$ cat work.cif   # mmCIF, C-alpha atoms
data_final
#
loop_
_atom_site.label_atom_id
_atom_site.label_comp_id
_atom_site.auth_asym_id
_atom_site.auth_seq_id
_atom_site.Cartn_x
_atom_site.Cartn_y
_atom_site.Cartn_z
CA MET A 23 -23.25 -13.93 58.32
CA ASP A 24 -21.83 -17.34 57.44
CA ALA A 25 -19.41 -18.26 54.68
CA GLY A 26 -22.25 -19.65 52.55
CA GLU A 27 -24.08 -16.36 52.58
CA LEU A 28 -20.89 -14.42 51.87
CA THR A 29 -20.20 -16.66 48.87
CA GLN A 30 -23.76 -16.24 47.62
CA ILE A 31 -23.53 -12.43 47.95
CA THR A 32 -20.16 -12.34 46.19
CA LEU A 33 -21.34 -14.53 43.32
CA LEU A 34 -24.49 -12.44 42.91
CA SER A 35 -22.38 -9.26 42.81
CA LEU A 36 -20.25 -10.76 40.08
CA ARG A 37 -23.29 -12.04 38.17
CA VAL A 38 -25.10 -8.70 38.28
CA SER A 39 -22.12 -6.47 37.48
CA GLY A 40 -20.58 -8.95 35.04
CA THR A 41 -23.79 -9.38 33.04
CA ALA A 42 -24.48 -5.64 33.03
CA VAL A 43 -20.98 -4.75 31.86
CA PHE A 44 -20.95 -7.57 29.31
CA LEU A 45 -24.18 -6.23 27.77
CA SER A 46 -23.11 -2.59 27.94
CA SER A 47 -19.78 -3.50 26.34
CA ILE A 48 -21.42 -5.28 23.41
CA ILE A 49 -23.64 -2.30 22.69
CA GLY A 50 -21.38 0.50 23.92
CA VAL A 51 -18.27 -0.52 21.98
CA TRP A 52 -20.19 -0.69 18.69
CA LEU A 53 -22.14 2.48 19.42
CA GLY A 54 -19.00 4.38 20.41
CA THR A 55 -17.16 3.20 17.30
CA TYR A 56 -20.03 4.17 15.00
CA ILE A 57 -20.22 7.61 16.61
CA ALA A 58 -16.44 8.01 16.28
CA ILE A 59 -16.40 7.22 12.56
CA SER A 60 -19.65 8.98 11.65
CA ARG A 61 -20.06 12.55 10.60
CA PHE A 62 -23.44 13.94 11.48
CA LYS A 63 -24.97 17.17 12.67
CA MET A 64 -24.91 17.67 16.42
CA LYS A 65 -22.23 15.00 16.90
CA LYS A 66 -20.53 17.20 19.48
CA LEU A 67 -23.82 17.56 21.34
CA VAL A 68 -24.35 13.79 21.33
CA VAL A 69 -20.82 13.20 22.63
CA THR A 70 -21.33 15.85 25.32
CA LEU A 71 -24.58 14.19 26.38
CA ILE A 72 -22.89 10.78 26.59
CA ASP A 73 -20.07 12.30 28.64
CA THR A 74 -22.67 13.87 30.92
CA PHE A 75 -24.47 10.55 31.41
CA MET A 76 -21.14 9.01 32.42
CA GLY A 77 -21.52 10.91 35.66
CA THR A 78 -25.18 10.05 36.30
CA PRO A 79 -25.73 9.67 40.07
CA PRO A 80 -26.65 5.99 40.65
CA VAL A 81 -29.36 6.99 43.13
CA LEU A 82 -31.07 9.18 40.55
CA LEU A 83 -30.85 6.45 37.90
CA GLY A 84 -32.15 3.91 40.41
CA LEU A 85 -35.07 6.12 41.27
CA VAL A 86 -36.02 6.74 37.63
CA LEU A 87 -35.77 3.03 36.89
CA TYR A 88 -37.83 2.27 40.01
CA LEU A 89 -40.59 4.57 38.72
CA PHE A 90 -40.51 2.80 35.36
CA LEU A 91 -40.53 -0.72 36.83
CA SER A 92 -42.98 -0.15 39.68
CA ARG A 93 -46.43 -1.62 39.23
CA SER A 94 -47.95 1.70 38.10
CA GLY A 95 -44.98 2.53 35.86
CA PRO A 96 -44.78 2.01 32.09
CA LEU A 97 -42.66 -1.14 32.47
CA GLY A 98 -44.52 -2.45 35.51
CA PHE A 99 -46.00 -5.30 33.49
CA LEU A 100 -42.55 -6.92 33.38
CA GLY A 101 -42.80 -7.63 37.12
CA ILE A 102 -39.05 -7.50 37.66
CA LEU A 103 -38.78 -4.85 40.37
CA PHE A 104 -36.73 -6.15 43.34
CA THR A 105 -35.11 -8.88 41.27
CA PRO A 106 -31.49 -9.35 40.11
CA GLU A 107 -32.73 -8.62 36.57
CA ALA A 108 -33.76 -5.10 37.61
CA MET A 109 -30.31 -4.64 39.17
CA ILE A 110 -28.67 -5.77 35.92
CA ILE A 111 -30.75 -3.26 33.95
CA ALA A 112 -29.78 -0.50 36.39
CA GLN A 113 -26.08 -1.25 36.10
CA PHE A 114 -26.37 -1.72 32.36
CA LEU A 115 -27.82 1.80 32.05
CA LEU A 116 -25.18 3.12 34.40
CA THR A 117 -22.25 1.59 32.49
CA LEU A 118 -23.46 2.00 28.91
CA PRO A 119 -22.46 5.71 28.69
CA ILE A 120 -19.09 4.88 30.25
CA VAL A 121 -18.22 2.20 27.69
CA THR A 122 -19.63 4.29 24.82
CA GLY A 123 -18.03 7.50 26.03
CA LEU A 124 -14.59 5.92 26.46
CA THR A 125 -14.75 4.01 23.17
CA ILE A 126 -15.24 7.23 21.17
CA PRO A 127 -11.85 8.79 22.08
CA ALA A 128 -10.18 5.36 21.92
CA VAL A 129 -11.16 5.08 18.24
CA GLU A 130 -10.74 8.78 17.45
CA SER A 131 -7.24 8.80 18.87
CA LEU A 132 -6.01 6.05 16.54
CA PRO A 133 -3.31 7.34 14.19
CA ARG A 134 -4.74 9.08 11.14
CA GLU A 135 -2.90 6.66 8.84
CA ILE A 136 -4.64 3.56 10.19
CA ARG A 137 -8.06 5.26 10.18
CA GLU A 138 -7.56 6.44 6.63
CA TYR A 139 -6.22 3.09 5.50
CA ILE A 140 -9.27 1.30 6.90
CA LYS A 141 -11.53 3.96 5.36
CA SER A 142 -9.79 3.54 2.00
CA LEU A 143 -10.76 -0.13 1.97
CA ALA A 144 -14.34 1.05 1.30
CA LEU A 145 -15.83 -1.65 3.50
CA PRO A 146 -19.38 -1.79 4.85
CA ALA A 147 -19.62 0.26 8.06
CA HIS A 148 -19.76 -2.79 10.38
CA TYR A 149 -16.54 -4.25 8.93
CA GLU A 150 -14.87 -0.85 9.16
CA ALA A 151 -15.96 -0.64 12.79
CA LEU A 152 -14.69 -4.16 13.47
CA LEU A 153 -11.21 -3.36 12.16
CA LEU A 154 -11.11 -0.11 14.15
CA ILE A 155 -12.20 -1.91 17.34
CA ASN A 156 -9.37 -4.38 16.80
CA GLU A 157 -6.88 -1.51 16.51
CA ALA A 158 -8.21 0.36 19.55
CA LYS A 159 -8.78 -2.71 21.72
CA ILE A 160 -6.27 -1.89 24.45
CA ASN A 161 -7.90 1.45 25.26
CA ILE A 162 -11.36 -0.05 24.82
CA ILE A 163 -10.52 -2.73 27.41
CA GLY A 164 -9.54 0.14 29.71
CA GLY A 165 -13.00 1.63 29.21
CA VAL A 166 -14.67 -1.69 29.99
CA LEU A 167 -12.60 -1.97 33.16
CA ALA A 168 -13.67 1.54 34.20
CA ALA A 169 -17.29 0.53 33.61
CA PHE A 170 -16.87 -2.62 35.70
CA SER A 171 -15.30 -0.58 38.52
CA ARG A 172 -18.29 1.71 38.49
CA ALA A 173 -20.75 -1.22 38.45
CA VAL A 174 -19.21 -3.33 41.16
CA SER A 175 -18.75 -0.43 43.56
CA GLU A 176 -22.06 1.36 43.12
CA VAL A 177 -24.81 0.95 45.67
CA GLY A 178 -27.44 3.63 45.00
CA ALA A 179 -29.14 2.10 41.97
CA VAL A 180 -29.09 -1.56 43.01
CA ILE A 181 -30.41 -0.87 46.48
CA ILE A 182 -33.43 1.01 45.07
CA VAL A 183 -34.41 -1.42 42.29
CA GLY A 184 -33.11 -4.56 44.03
CA GLY A 185 -34.42 -3.87 47.51
CA ASN A 186 -31.45 -5.54 49.27
CA ILE A 187 -33.43 -8.74 49.91
CA ARG A 188 -31.40 -11.31 51.83
CA TYR A 189 -30.41 -14.39 49.78
CA TYR A 190 -32.04 -12.85 46.69
CA THR A 191 -30.90 -9.33 45.75
CA ARG A 192 -28.31 -8.55 48.39
CA VAL A 193 -24.92 -7.82 46.84
CA LEU A 194 -21.61 -6.82 48.43
CA THR A 195 -22.25 -3.07 48.36
CA THR A 196 -25.84 -3.24 49.60
CA ALA A 197 -24.76 -5.69 52.33
CA ILE A 198 -22.12 -3.17 53.44
CA VAL A 199 -24.80 -0.49 53.75
CA TYR A 200 -27.11 -2.86 55.62
CA TYR A 201 -24.51 -4.04 58.15
CA THR A 202 -23.21 -0.49 58.64
CA ASN A 203 -26.71 0.63 59.56
CA SER A 204 -26.98 -2.35 61.97
CA GLY A 205 -23.68 -1.45 63.60
CA GLU A 206 -22.02 -4.76 62.66
CA PHE A 207 -18.74 -3.19 61.69
CA ASP A 208 -16.71 -6.44 61.78
CA THR A 209 -18.92 -7.87 59.06
CA VAL A 210 -18.68 -4.62 57.10
CA LEU A 211 -14.89 -4.80 57.18
CA TRP A 212 -14.93 -8.41 55.95
CA LEU A 213 -17.35 -7.52 53.17
CA GLY A 214 -15.16 -4.55 52.23
CA LEU A 215 -12.14 -6.82 52.10
CA VAL A 216 -13.96 -9.31 49.85
CA LEU A 217 -15.14 -6.47 47.58
CA THR A 218 -11.59 -5.17 47.32
CA LEU A 219 -10.23 -8.66 46.60
CA VAL A 220 -12.87 -9.26 43.94
CA TYR A 221 -12.02 -5.96 42.34
CA PHE A 222 -8.31 -6.72 42.58
CA ALA A 223 -8.82 -10.13 40.94
CA ILE A 224 -10.77 -8.55 38.08
CA ASN A 225 -8.02 -5.96 37.64
CA VAL A 226 -5.38 -8.66 37.49
CA VAL A 227 -7.36 -10.56 34.85
CA ILE A 228 -7.85 -7.40 32.77
CA LEU A 229 -4.19 -6.50 33.21
CA LEU A 230 -3.19 -9.93 31.91
CA ILE A 231 -5.54 -9.57 28.95
CA ARG A 232 -4.17 -6.11 28.15
CA TYR A 233 -0.62 -7.36 28.53
CA ARG A 234 -1.21 -10.29 26.18
CA VAL A 235 -3.07 -8.15 23.65
CA GLY A 236 -0.39 -5.46 23.89
CA GLU A 237 2.39 -8.00 23.54
CA ARG A 238 0.82 -9.33 20.37
CA SER A 239 0.51 -5.78 19.06
CA ASP A 240 4.14 -4.76 19.75
CA MET B 18 -7.72 9.10 -17.07
CA ILE B 19 -7.72 10.76 -13.66
CA LYS B 20 -7.96 14.50 -13.99
CA ALA B 21 -7.73 16.91 -11.09
CA SER B 22 -8.44 20.49 -12.05
CA ASN B 23 -7.83 23.64 -10.02
CA ILE B 24 -7.77 21.83 -6.70
CA VAL B 25 -7.67 24.13 -3.70
CA LYS B 26 -7.27 22.91 -0.14
CA ASN B 27 -6.85 25.01 2.98
CA TYR B 28 -6.19 23.89 6.53
CA GLY B 29 -7.38 26.85 8.55
CA GLU B 30 -5.45 29.86 7.34
CA ALA B 31 -2.84 27.80 5.54
CA LYS B 32 -3.32 27.25 1.81
CA VAL B 33 -1.99 23.73 1.24
CA LEU B 34 -3.00 23.35 -2.41
CA ASP B 35 -3.44 26.34 -4.66
CA ASN B 36 -5.15 25.64 -7.99
CA VAL B 37 -3.40 22.36 -8.58
CA SER B 38 -4.17 20.50 -11.79
CA ILE B 39 -2.75 17.12 -12.72
CA GLU B 40 -3.57 14.25 -15.05
CA ALA B 41 -2.77 10.57 -14.71
CA HIS B 42 -3.24 8.21 -17.62
CA ARG B 43 -3.86 4.47 -17.74
CA GLY B 44 -0.77 2.32 -18.00
CA ARG B 45 1.47 5.26 -17.13
CA ILE B 46 3.11 6.29 -13.91
CA THR B 47 2.66 9.86 -12.73
CA VAL B 48 5.17 10.98 -10.14
CA ILE B 49 4.75 13.99 -7.88
CA MET B 50 7.86 15.49 -6.33
CA GLY B 51 8.36 18.44 -4.07
CA PRO B 52 9.89 19.58 -0.80
CA ASN B 53 8.42 18.60 2.57
CA GLY B 54 5.17 20.40 3.33
CA SER B 55 4.46 21.22 -0.30
CA GLY B 56 1.06 19.50 -0.21
CA LYS B 57 1.93 16.24 -1.99
CA SER B 58 0.34 13.94 0.57
CA THR B 59 -2.76 16.11 0.81
CA LEU B 60 -3.14 15.92 -2.97
CA LEU B 61 -2.82 12.13 -2.84
CA ARG B 62 -5.39 11.94 -0.04
CA ILE B 63 -7.77 13.97 -2.17
CA LEU B 64 -7.18 11.60 -5.10
CA ALA B 65 -7.85 8.71 -2.70
CA LEU B 66 -11.18 10.40 -1.88
CA LEU B 67 -10.24 10.56 1.80
CA VAL B 68 -10.48 14.33 2.11
CA PRO B 69 -12.58 16.62 -0.07
CA PRO B 70 -10.99 19.60 -1.78
CA ASP B 71 -12.30 23.04 -0.86
CA SER B 72 -12.78 23.71 -4.55
CA GLY B 73 -11.79 22.21 -7.84
CA ARG B 74 -12.87 19.24 -9.86
CA LEU B 75 -11.86 15.61 -9.88
CA GLU B 76 -12.71 13.34 -12.80
CA LEU B 77 -12.22 9.68 -13.55
CA ASP B 78 -12.50 8.79 -17.23
CA ASN B 79 -14.27 12.10 -17.91
CA THR B 80 -16.87 11.51 -15.18
CA PRO B 81 -16.82 14.09 -12.39
CA ILE B 82 -16.54 12.70 -8.87
CA ASP B 83 -19.02 14.02 -6.35
CA PHE B 84 -17.45 14.03 -2.87
CA ASN B 85 -20.87 14.41 -1.28
CA ASN B 86 -22.19 11.23 -2.85
CA GLU B 87 -21.11 8.59 -0.31
CA VAL B 88 -22.28 5.62 -2.41
CA GLU B 89 -20.37 6.80 -5.47
CA LYS B 90 -17.34 7.57 -3.34
CA VAL B 91 -17.29 4.11 -1.75
CA ASN B 92 -17.69 2.43 -5.15
CA LEU B 93 -14.77 4.42 -6.51
CA GLN B 94 -12.65 3.77 -3.43
CA LYS B 95 -13.00 0.06 -4.15
CA LYS B 96 -10.98 0.68 -7.30
CA ILE B 97 -8.20 2.44 -5.41
CA GLY B 98 -5.12 0.92 -3.83
CA TYR B 99 -3.77 3.53 -1.43
CA LEU B 100 -0.46 3.40 0.38
CA PRO B 101 -0.09 6.20 2.95
CA GLN B 102 3.20 7.86 3.82
CA ARG B 103 3.77 5.94 7.04
CA PRO B 104 1.97 2.77 6.06
CA PRO B 105 0.07 1.31 8.97
CA VAL B 106 -0.30 -2.40 9.52
CA LEU B 107 -3.34 -4.00 11.07
CA SER B 108 -2.80 -5.44 14.56
CA THR B 109 -2.90 -9.01 13.38
CA SER B 110 -0.62 -11.47 11.60
CA VAL B 111 1.25 -10.61 8.43
CA TYR B 112 -0.93 -13.17 6.61
CA ASN B 113 -4.17 -11.64 7.88
CA ASN B 114 -3.06 -8.16 6.87
CA ILE B 115 -3.54 -9.27 3.29
CA TYR B 116 -6.14 -11.99 3.76
CA LEU B 117 -8.63 -10.02 5.90
CA PRO B 118 -9.18 -7.04 3.57
CA LEU B 119 -9.68 -9.50 0.71
CA ARG B 120 -12.26 -11.49 2.66
CA LEU B 121 -14.02 -8.35 3.90
CA ARG B 122 -14.15 -7.12 0.31
CA GLY B 123 -16.07 -10.29 -0.59
CA LYS B 124 -13.42 -12.66 -1.98
CA THR B 125 -14.01 -16.33 -1.31
CA LYS B 126 -11.74 -18.13 1.16
CA VAL B 127 -9.99 -19.96 -1.70
CA GLU B 128 -9.43 -16.78 -3.75
CA ALA B 129 -8.24 -14.80 -0.73
CA LYS B 130 -5.85 -17.58 0.34
CA LYS B 131 -4.41 -17.94 -3.14
CA THR B 132 -3.87 -14.19 -3.57
CA THR B 133 -2.40 -13.81 -0.07
CA GLU B 134 0.07 -16.62 -0.59
CA SER B 135 1.19 -15.35 -3.99
CA ILE B 136 1.66 -11.79 -2.69
CA LEU B 137 3.62 -12.99 0.35
CA THR B 138 5.81 -15.12 -1.89
CA MET B 139 6.38 -12.23 -4.31
CA LEU B 140 7.35 -9.91 -1.45
CA ARG B 141 9.56 -12.56 0.22
CA LEU B 142 7.48 -12.40 3.38
CA LYS B 143 6.12 -15.94 3.37
CA ASP B 144 8.38 -17.11 6.20
CA ARG B 145 7.02 -14.25 8.35
CA ALA B 146 3.37 -14.94 7.55
CA ASN B 147 2.33 -15.98 11.06
CA ILE B 148 4.02 -13.33 13.16
CA ASN B 149 2.27 -10.13 14.22
CA ALA B 150 2.75 -7.46 11.58
CA HIS B 151 3.90 -4.97 14.23
CA ARG B 152 6.99 -7.11 14.72
CA LEU B 153 8.17 -6.52 11.16
CA SER B 154 10.94 -4.03 10.43
CA GLY B 155 10.00 -0.65 8.91
CA GLY B 156 10.98 -1.82 5.45
CA GLN B 157 9.05 -5.06 5.76
CA LYS B 158 5.98 -3.14 6.91
CA GLN B 159 6.32 -0.96 3.84
CA LEU B 160 6.50 -4.06 1.66
CA LEU B 161 3.50 -5.58 3.39
CA ALA B 162 1.46 -2.41 2.93
CA LEU B 163 2.35 -2.33 -0.75
CA GLY B 164 1.41 -5.98 -1.12
CA ARG B 165 -1.87 -5.31 0.62
CA ALA B 166 -2.62 -2.49 -1.82
CA LEU B 167 -1.75 -4.65 -4.84
CA ALA B 168 -3.70 -7.65 -3.52
CA LEU B 169 -6.95 -5.74 -3.96
CA ASN B 170 -6.19 -5.55 -7.68
CA PRO B 171 -6.78 -1.79 -7.89
CA GLU B 172 -7.39 0.15 -11.07
CA ILE B 173 -5.89 3.21 -9.44
CA LEU B 174 -2.67 2.93 -7.49
CA LEU B 175 -1.84 5.83 -5.18
CA LEU B 176 1.48 5.43 -3.41
CA ASP B 177 2.92 7.94 -0.98
CA GLU B 178 6.68 7.43 -0.88
CA PRO B 179 6.51 3.66 -1.36
CA THR B 180 10.26 3.15 -1.04
CA ALA B 181 10.97 5.69 1.72
CA SER B 182 12.22 3.25 4.35
CA LEU B 183 13.64 0.58 2.07
CA SER B 184 17.22 -0.37 1.35
CA PRO B 185 18.42 0.53 -2.18
CA ASN B 186 18.08 -3.07 -3.36
CA THR B 187 14.59 -3.49 -1.93
CA ALA B 188 13.58 -0.08 -3.27
CA GLU B 189 14.61 -1.18 -6.75
CA PHE B 190 12.71 -4.43 -6.28
CA VAL B 191 9.57 -2.47 -5.30
CA GLN B 192 9.97 -0.08 -8.23
CA ASP B 193 10.11 -3.06 -10.60
CA ILE B 194 7.02 -4.61 -9.02
CA VAL B 195 5.04 -1.37 -9.31
CA LYS B 196 6.16 -0.72 -12.87
CA SER B 197 5.25 -4.18 -14.07
CA TYR B 198 1.91 -4.06 -12.22
CA VAL B 199 0.96 -0.76 -13.88
CA ARG B 200 1.96 -1.99 -17.34
CA GLU B 201 0.33 -5.39 -16.91
CA LYS B 202 -2.97 -4.15 -15.48
CA ASN B 203 -3.02 -0.96 -17.54
CA CYS B 204 -4.00 0.91 -14.38
CA HIS B 205 -3.53 4.50 -13.23
CA ALA B 206 -0.65 5.17 -10.88
CA VAL B 207 0.23 8.32 -8.96
CA ILE B 208 3.35 8.07 -6.86
CA ILE B 209 4.91 10.57 -4.50
CA SER B 210 8.66 10.40 -4.33
CA HIS B 211 11.56 12.28 -2.81
CA SER B 212 14.13 10.44 -4.84
CA ILE B 213 15.22 11.89 -8.16
CA PRO B 214 16.73 8.58 -9.40
CA GLU B 215 13.45 6.87 -8.52
CA ALA B 216 11.44 9.53 -10.31
CA ARG B 217 13.66 9.21 -13.38
CA LYS B 218 13.26 5.45 -13.37
CA MET B 219 9.52 5.34 -12.72
CA ALA B 220 7.92 8.47 -14.11
CA ASP B 221 6.18 8.67 -17.42
CA SER B 222 5.16 12.13 -16.35
CA LEU B 223 6.37 14.22 -13.44
CA TYR B 224 4.84 17.13 -11.56
CA LEU B 225 6.86 19.35 -9.28
CA LEU B 226 4.74 20.67 -6.45
CA VAL B 227 6.24 23.54 -4.46
CA SER B 228 4.35 25.47 -1.77
CA GLY B 229 1.04 24.08 -2.94
CA LYS B 230 1.51 25.02 -6.60
CA ILE B 231 2.56 23.02 -9.63
CA LYS B 232 5.80 24.67 -10.69
CA ALA B 233 6.81 22.38 -13.53
CA THR B 234 5.61 19.41 -15.51
CA PHE B 235 7.74 16.94 -17.42
CA ASN B 236 6.71 14.23 -19.82
CA GLY B 237 9.13 11.54 -20.86
CA GLN B 238 12.80 12.19 -20.16
CA PHE B 239 14.05 14.87 -17.79
CA SER B 240 17.39 15.53 -16.15
CA GLU B 241 18.30 15.79 -12.49
CA ALA B 242 19.35 19.40 -13.01
CA GLU B 243 15.91 20.31 -14.33
CA ILE B 244 14.32 19.01 -11.17
CA LEU B 245 16.86 20.50 -8.80
CA LYS B 246 16.17 23.89 -10.29
CA TRP B 247 12.76 23.82 -8.64
CA ILE B 248 13.19 21.99 -5.35
#
$ encode --input "work.cif" --output "structure tokens"
Amino acid sequence: MDAGELTQITLLSLRVSGTAVFLSSIIGVWLGTYIAISRFKMKKLVVTLIDTFMGTPPVLLGLVLYLFLSRSGPLGFLGILFTPEAMIIAQFLLTLPIVTGLTIPAVESLPREIREYIKSLALPAHYEALLLINEAKINIIGGVLAAFSRAVSEVGAVIIVGGNIRYYTRVLTTAIVYYTNSGEFDTVLWLGLVLTLVYFAINVVILLIRYRVGERSD
Amino acid sequence: MIKASNIVKNYGEAKVLDNVSIEAHRGRITVIMGPNGSGKSTLLRILALLVPPDSGRLELDNTPIDFNNEVEKVNLQKKIGYLPQRPPVLSTSVYNNIYLPLRLRGKTKVEAKKTTESILTMLRLKDRANINAHRLSGGQKQLLALGRALALNPEILLLDEPTASLSPNTAEFVQDIVKSYVREKNCHAVIISHSIPEARKMADSLYLLVSGKIKATFNGQFSEAEILKWI
């Protein structure tokens, strides 16, 4: 594997996981906040289900998505199986419960005074949610980071719906699997190092964001 | 007039409010006093429509309030300015703590800016407008939270120990602001206080709440000894 291919694989990993987590964060943060502030029957059941989906095995999710996206499946007409888009959908579905599930306690654990104060403003629900998200942002960022960790390190779902096609759908984790199976352990170690560095870089960025946000909140 | 009749509130086994009835009239300040844990804050939260009572009746100008009617509740909450016991500040600038709720409540940019600036000037916080509200001292946060409540121009002012963490001078300043607001706007005001001098200065009527029950009611003048007899 040359440096060009390694760069292409790394960038694709970031594109797939980054897009998936970006989308799951937009939906999951709002969804989690709405669930946290809403009172409805079976709320505990819904929260338990979300928590359960947080631990969905990527292989199982990949298989289900494969069946949906395959030519004979209900979403076969989209023609996106074995494309980066299918991998984004897989990781989106994998990370959505994580972001949602971690946003709920982040909002619920805000001090009662701030929740009641925001409630007492009698704002439309989306404004109320916006103010609560702003208050809980440090813990919410933690949830997004957890989701990104899960996305960037998972292999089961992306290998099934992406197919690990060289120069097209091969990402760092699927490349590691491929080169392990081929016995090219030197390459595997380099890929592992790059994956770790990428993850470290993301952590540093998130840490800086949390530090700056936290500093402004002190 | 706000009228709460026979309000009962339990938290699990504990009876926090036991058949509490109070009235608060327009243009007058109603003060509630009592020892810690007597249910004062819970009563104020019920008046703020934040928690429903287990039983009892709440009326505003002779119209009963239905806690199950979310639309009615939200419309009424828009008339309320509520200051909790440990007033929280939003994680944004001092300026935005007042400006944002006004904007989100539908005020135009010009109106919101004008109100924010006049409140900050009144509370002597204008020079701190751009710093994060979390960096304010406890007393300044209390002032900011009060200003935020007043900025919304409420018809019902519910203040839970509004001068608790203020210096004597600032406390007096706040008492004067609240008194003149209530008189000027002819609004309802229910204030919780631990300070007898404050109660004597502010209260047009006073309720003493002890162990979840109203033990005494005073209208007009009352002496410190009369209050101390109960708490």
$ closest_atom_pairs --input "work.cif" --of "chain A" --to "chain B" --cutoff "12 Å" --atoms "all atoms listed in the file" --output "Markdown table"
| residue | atom | partner | partner_atom | distance |
| --- | --- | --- | --- | --- |
| A:Arg61 | CA | B:Glu87 | CA | 11.7 |
| A:Leu132 | CA | B:Pro105 | CA | 10.8 |
| A:Pro133 | CA | B:Pro105 | CA | 8.7 |
| A:Arg134 | CA | B:Pro105 | CA | 9.4 |
| A:Glu135 | CA | B:Pro105 | CA | 6.1 |
| A:Ile136 | CA | B:Pro105 | CA | 5.4 |
| A:Arg137 | CA | B:Pro105 | CA | 9.1 |
| A:Glu138 | CA | B:Leu67 | CA | 6.9 |
| A:Tyr139 | CA | B:Pro101 | CA | 7.3 |
| A:Ile140 | CA | B:Leu107 | CA | 9.0 |
| A:Lys141 | CA | B:Leu67 | CA | 7.6 |
| A:Ser142 | CA | B:Gln94 | CA | 6.1 |
| A:Leu143 | CA | B:Lys95 | CA | 6.5 |
| A:Ala144 | CA | B:Val91 | CA | 5.2 |
| A:Leu145 | CA | B:Arg122 | CA | 6.6 |
| A:Pro146 | CA | B:Leu121 | CA | 8.5 |
| A:Ala147 | CA | B:Val91 | CA | 10.8 |
| A:His148 | CA | B:Leu121 | CA | 10.3 |
| A:Tyr149 | CA | B:Leu121 | CA | 7.0 |
| A:Glu150 | CA | B:Leu121 | CA | 9.2 |
| A:Ala151 | CA | B:Leu121 | CA | 11.9 |
| A:Leu152 | CA | B:Leu121 | CA | 10.5 |
| A:Leu153 | CA | B:Leu107 | CA | 8.0 |
| A:Leu154 | CA | B:Leu107 | CA | 9.2 |
| A:Ile155 | CA | B:Ser108 | CA | 10.4 |
| A:Asn156 | CA | B:Ser108 | CA | 7.0 |
| A:Glu157 | CA | B:Ser108 | CA | 6.0 |
| A:Ala158 | CA | B:Ser108 | CA | 9.4 |
| A:Lys159 | CA | B:Ser108 | CA | 9.7 |
| A:Ile160 | CA | B:Ser108 | CA | 11.1 |
| A:Val235 | CA | B:Ser108 | CA | 9.5 |
| A:Gly236 | CA | B:Ser108 | CA | 9.6 |
| A:Glu237 | CA | B:Asn149 | CA | 9.6 |
| A:Arg238 | CA | B:Asn149 | CA | 6.4 |
| A:Ser239 | CA | B:Ser108 | CA | 5.6 |
| A:Asp240 | CA | B:His151 | CA | 5.5 |
$ resolve_selection --input "work.cif" --expression "the PyMOL selection byres ((chain B and resi 20-33) around 12)" --output "PyMOL selection string"
chain B and resi 18-19+34-43+47+53-66+68-82+205+207+226-231
$ atom_distance --input "work.cif" --atom1 "atom CA of A:Leu82" --atom2 "atom CA of A:Met109"
13.9 Å
$ atom_distance --input "work.cif" --atom1 "atom CA of B:Asn236" --atom2 "atom CA of B:Val195"
18.9 Å
$ closest_residue --input "work.cif" --among "A:Val38, A:Leu33, A:Val129, A:Met64" --to "A:Glu176" --atoms "all atoms listed in the file"
A:Val38
$ resolve_selection --input "work.cif" --expression "the PyMOL selection byres ((chain A and resi 44) around 12)" --output "ChimeraX atom specification"
/A:36-43,45-51,110-111,113-115,117-118,121,163,166-167,169-170,173
$ decode --input "work.cif" --residues "stretch 33-53 of chain A" --atoms "C-alpha atoms" --output "PDB file, in the first residue's frame"
ATOM      1  CA  LEU A  33      -9.915  10.597   4.300  1.00  0.00           C
ATOM      2  CA  LEU A  34     -12.734   8.212   3.409  1.00  0.00           C
ATOM      3  CA  SER A  35     -12.858   6.983   7.025  1.00  0.00           C
ATOM      4  CA  LEU A  36     -13.154  10.552   8.224  1.00  0.00           C
ATOM      5  CA  ARG A  37     -15.764  11.402   5.590  1.00  0.00           C
ATOM      6  CA  VAL A  38     -17.939   8.386   6.363  1.00  0.00           C
ATOM      7  CA  SER A  39     -17.735   8.573  10.160  1.00  0.00           C
ATOM      8  CA  GLY A  40     -17.774  12.376  10.247  1.00  0.00           C
ATOM      9  CA  THR A  41     -20.862  12.655   8.041  1.00  0.00           C
ATOM     10  CA  ALA A  42     -22.664   9.885   9.931  1.00  0.00           C
ATOM     11  CA  VAL A  43     -21.955  11.409  13.336  1.00  0.00           C
ATOM     12  CA  PHE A  44     -22.773  14.913  12.102  1.00  0.00           C
ATOM     13  CA  LEU A  45     -26.199  13.715  10.924  1.00  0.00           C
ATOM     14  CA  SER A  46     -26.859  11.587  13.999  1.00  0.00           C
ATOM     15  CA  SER A  47     -25.875  14.521  16.219  1.00  0.00           C
ATOM     16  CA  ILE A  48     -28.293  16.911  14.518  1.00  0.00           C
ATOM     17  CA  ILE A  49     -31.175  14.488  14.940  1.00  0.00           C
ATOM     18  CA  GLY A  50     -30.074  12.733  18.129  1.00  0.00           C
ATOM     19  CA  VAL A  51     -29.433  15.866  20.196  1.00  0.00           C
ATOM     20  CA  TRP A  52     -32.870  17.291  19.395  1.00  0.00           C
ATOM     21  CA  LEU A  53     -34.591  13.944  19.820  1.00  0.00           C
TER      22      LEU A  53
END
